[in-house]
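Novice: The structure under discussion is supplied below as C-alpha cells; questions concerning it will follow.
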Amino acid sequence: MSESLEKQVRALRGREDGALEALVEQYTGPLMGAAFALGFSETDAEELVQETFVALLSSLDRFEMRSQLKTYIFGILYNKAGTLRGKQRREESLDPQEPAAQNRFDTMGMWTSPPKGPEDAALNDEIREWIARCSENLSLAQRAALCLKEVEGEETEAICNVLRISHTNLRVLLHRARNKMRECLEK
C-alpha cells in the first residue's frame, strides 16, 4: 500500500479541508468521460458522477486500500451506471405512451399531424351544430343525398339505387342542398 494513498484516504475520512475538493477536481473529468463512453447523456452523466462521489464518501470507512482509490471510484461508477441503466429500462417498459408518441413525429422531430387544441374542438363542435341546424331546412331527399355523398362518401350509383332516383335528379338534389347549406351558413 502506498503512503500517498493512505494519506489521501485518511484526509478524506477525516473530512480535512480541501481533500474532497482535490478528489473531485482530479476525478470529475475521467468519470464524466467514462459515463459518456457508457452511452449516458450529459445530464445522466453528471448525475452519475455526483452519485459516485456521494457513495464514495459514505463507503470510505469500508475501503480497505487493497486497490488504488481510482479503481475503487470507477468501480462505484460502474455499479451506479448499472443501477441507472436498469432504472431507465424499467421506466421505458412502463411507458406505453412512448411508441404512440414516436409515431407522431417524423425523422426531423416535427409533428406528422399537429395536435388539436381546445379551440379547435370547440370550433368543430360549433360548426357541427350549425350544419345540423342548417340541414333541418333541407328536404328529406336533399338531406339524404347530401349525407350519403358528403358524409358517408358513397358512390353516385349507390346513392341513386338507395334513393331510387336518376343521376340527373341526384345532381339537382345535391346542387340545391349545397346552395341552401351555403346560404344558411353564410348568415
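Ligands are numbered from 1 in the order shown, residues from 1 within each chain, and chains are lettered A, B, ... in the order they appear in the C-alpha cells.
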Write out as a list in words which residues come within 12 Å of Lys7 (chain A) when counting only C-alpha atoms, dropping same-chain ones fewer than 6 positions away.
Specialist: Met1, Arg13, Gly14, Glu16, Ala19, Met65 and Leu69 of chain A
Novice: If you keep all heavy atoms, can you produce a file of those selected residues as a compact mmCIF listing (two decimals), in the first residue's frame?
Specialist:
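Listing of selection-v3.txt after writing:
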```txt
# COMPACT_ATOMS: atom_id res chain seq x y z
N MET A 1 0.85 -1.17 0.00
CA MET A 1 0.00 0.00 0.00
C MET A 1 0.90 1.23 0.00
O MET A 1 1.85 1.32 0.75
CB MET A 1 -0.90 -0.06 1.24
CG MET A 1 -1.51 1.21 1.63
SD MET A 1 -2.65 1.15 3.01
CE MET A 1 -2.08 -0.11 4.05
N ARG A 13 -11.33 10.60 4.98
CA ARG A 13 -12.10 10.08 6.13
C ARG A 13 -12.22 11.12 7.22
O ARG A 13 -13.25 11.22 7.89
CB ARG A 13 -11.43 8.82 6.67
CG ARG A 13 -11.65 7.61 5.82
CD ARG A 13 -10.95 6.39 6.39
NE ARG A 13 -11.20 5.21 5.56
CZ ARG A 13 -10.47 4.12 5.59
NH1 ARG A 13 -9.43 4.02 6.42
NH2 ARG A 13 -10.77 3.10 4.80
N GLY A 14 -11.19 11.92 7.39
CA GLY A 14 -11.19 12.97 8.41
C GLY A 14 -11.86 14.24 7.95
O GLY A 14 -11.93 15.21 8.71
N GLU A 16 -10.85 16.49 5.99
CA GLU A 16 -9.92 17.61 6.05
C GLU A 16 -10.23 18.62 4.94
O GLU A 16 -10.70 18.25 3.87
CB GLU A 16 -8.48 17.11 5.91
CG GLU A 16 -8.02 16.29 7.09
CD GLU A 16 -6.58 15.78 6.94
OE1 GLU A 16 -5.86 16.29 6.05
OE2 GLU A 16 -6.20 14.89 7.69
N ALA A 19 -9.53 18.24 0.91
CA ALA A 19 -9.32 16.85 0.48
C ALA A 19 -10.39 16.43 -0.53
O ALA A 19 -10.06 15.86 -1.58
CB ALA A 19 -9.32 15.91 1.68
N MET A 65 -8.21 -0.37 1.10
CA MET A 65 -6.97 0.04 0.43
C MET A 65 -6.21 -1.12 -0.19
O MET A 65 -4.99 -1.11 -0.25
CB MET A 65 -6.09 0.84 1.39
CG MET A 65 -6.69 2.18 1.75
SD MET A 65 -5.65 3.21 2.76
CE MET A 65 -6.20 2.78 4.39
N LEU A 69 -7.31 3.97 -5.16
CA LEU A 69 -8.54 4.73 -4.93
C LEU A 69 -9.27 4.95 -6.26
O LEU A 69 -10.50 4.87 -6.32
CB LEU A 69 -8.21 6.08 -4.26
CG LEU A 69 -9.41 6.92 -3.84
CD1 LEU A 69 -10.31 6.15 -2.88
CD2 LEU A 69 -8.96 8.23 -3.23
```
Novice: Name the residues in contact with Phe74 (chain A) at a cut-off of 9 Å, using only C-alpha atoms, excluding same-chain residues fewer than 5 positions from it; report them as JSON, numbers by chain.
Specialist: {"A": [31, 34, 52, 69, 79]}
Novice: With only C-alpha atoms as the atoms that count, which of A:Glu64, A:Lys70, A:Leu84, A:Ala37 lies nearest to Leu23 (chain A)?
Specialist: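 Residue with the minimum atom-to-atom distance to Leu23 (chain A): A:Lys70.
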Novice: Quote the spacing between CA of Asn179 (chain A) and CA of Gln142 (chain A) in Å to one decimal place.
Specialist: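 These atoms are spaced 10.8 Å apart.
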Novice: For CA of Asp44 (chain A) and CA of Ser58 (chain A), quote the distance in Å rounded to one decimal.
Specialist: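 Result for CA of Asp44 (chain A) versus CA of Ser58 (chain A): 20.9 Å, one decimal.
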Novice: Tell me, which residues of region 14-137 of chain A carry DSSP helix (DSSP H, G or I), written as a PyMOL selection string?
Specialist: chain A and resi 19-37+42-62+69-94+97-103+118-135
Novice: Within 10 Å of Ala55 (chain A), counting only C-alpha atoms, which residues show up once you throw out same-chain ones fewer than 6 positions away? Write them as an MDAnalysis selection string, please.
Specialist: chainID A and resid 49 73 76:77 80
Novice: What's the 8 Å shell around Leu60 (chain A), counting only C-alpha atoms, without same-chain residues fewer than 4 positions away, as a VMD selection string?
Specialist: chain A and resid 9 12 to 13 56
Novice: Keeping N, CA and C atoms for every residue in the selection just given, could you write it to a file as a PDB file, in the first residue's frame?
Specialist:
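Final output, saved to out_31.pdb:
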```
ATOM      1  N   VAL A   9      -6.593   8.847   1.724  1.00  0.00           N
ATOM      2  CA  VAL A   9      -7.787   8.235   2.316  1.00  0.00           C
ATOM      3  C   VAL A   9      -7.996   8.762   3.733  1.00  0.00           C
ATOM      4  N   LEU A  12      -9.520  12.160   3.498  1.00  0.00           N
ATOM      5  CA  LEU A  12     -10.938  12.086   3.115  1.00  0.00           C
ATOM      6  C   LEU A  12     -11.800  11.606   4.275  1.00  0.00           C
ATOM      7  N   ARG A  13     -11.331  10.597   4.981  1.00  0.00           N
ATOM      8  CA  ARG A  13     -12.096  10.084   6.132  1.00  0.00           C
ATOM      9  C   ARG A  13     -12.221  11.124   7.222  1.00  0.00           C
ATOM     10  N   LEU A  56     -18.992   7.240  -2.595  1.00  0.00           N
ATOM     11  CA  LEU A  56     -17.605   7.114  -2.121  1.00  0.00           C
ATOM     12  C   LEU A  56     -17.487   7.634  -0.697  1.00  0.00           C
TER      13      LEU A  56
END
```
Novice: Taking only C-alpha atoms into account, which of A:Met108, A:Leu148, A:Ala81, A:Val162 comes nearest Leu38 (chain A)?
Specialist: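 Selected residue with least distance to Leu38 (chain A): A:Ala81.
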Novice: Could you tell me how far CA of Glu51 (chain A) lies from CA of Thr83 (chain A), in Å and to one decimal?
Specialist: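 Between these atoms lies a distance of 11.1 Å.
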Novice: Compile the contact shell of Ile131 (chain A) as a list of chain:residue names: residues with an atom at most 10 Å away, counting only C-alpha atoms, same-chain residues fewer than 5 positions apart removed.
Specialist: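 Close residues of Ile131 (chain A): A:Asp125, A:Glu126, A:Glu136, A:Met181, A:Arg182, A:Cys184, A:Leu185.
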Novice: Produce a file of the selected residues containing N, CA and C atoms, as a PDB file, in the first residue's frame.
Specialist:
```
ATOM      1  N   ASP A 125     -67.177  21.618 -32.766  1.00  0.00           N
ATOM      2  CA  ASP A 125     -68.500  21.391 -32.176  1.00  0.00           C
ATOM      3  C   ASP A 125     -69.491  22.445 -32.648  1.00  0.00           C
ATOM      4  N   GLU A 126     -69.038  23.692 -32.706  1.00  0.00           N
ATOM      5  CA  GLU A 126     -69.917  24.775 -33.136  1.00  0.00           C
ATOM      6  C   GLU A 126     -70.293  24.608 -34.607  1.00  0.00           C
ATOM      7  N   GLU A 136     -81.624  21.078 -41.285  1.00  0.00           N
ATOM      8  CA  GLU A 136     -83.051  20.960 -40.988  1.00  0.00           C
ATOM      9  C   GLU A 136     -83.896  21.675 -42.042  1.00  0.00           C
ATOM     10  N   MET A 181     -77.344  25.016 -47.912  1.00  0.00           N
ATOM     11  CA  MET A 181     -76.412  24.931 -46.781  1.00  0.00           C
ATOM     12  C   MET A 181     -75.469  26.150 -46.772  1.00  0.00           C
ATOM     13  N   ARG A 182     -74.945  26.497 -47.951  1.00  0.00           N
ATOM     14  CA  ARG A 182     -74.038  27.636 -48.058  1.00  0.00           C
ATOM     15  C   ARG A 182     -74.740  28.912 -47.615  1.00  0.00           C
ATOM     16  N   CYS A 184     -77.361  29.270 -45.676  1.00  0.00           N
ATOM     17  CA  CYS A 184     -77.658  29.221 -44.235  1.00  0.00           C
ATOM     18  C   CYS A 184     -76.385  29.485 -43.424  1.00  0.00           C
ATOM     19  N   LEU A 185     -75.284  28.856 -43.785  1.00  0.00           N
ATOM     20  CA  LEU A 185     -74.033  29.013 -43.028  1.00  0.00           C
ATOM     21  C   LEU A 185     -73.456  30.410 -43.172  1.00  0.00           C
TER      22      LEU A 185
END
```
Novice: For Val24 (chain A), which of A:Phe105, A:Trp111, A:Phe53, A:Phe36 is the closest residue, counting only C-alpha atoms?
Specialist: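 So, comparing all the options, the nearest one is A:Phe53.
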Novice: Counting only C-alpha atoms, which of A:Gly153, A:Pro114, A:Gly18, A:Gly82 gets nearest to Leu48 (chain A)?
Specialist: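 Of A:Gly153, A:Pro114, A:Gly18, A:Gly82, the one nearest Leu48 (chain A), counting only C-alpha atoms, is A:Gly82.
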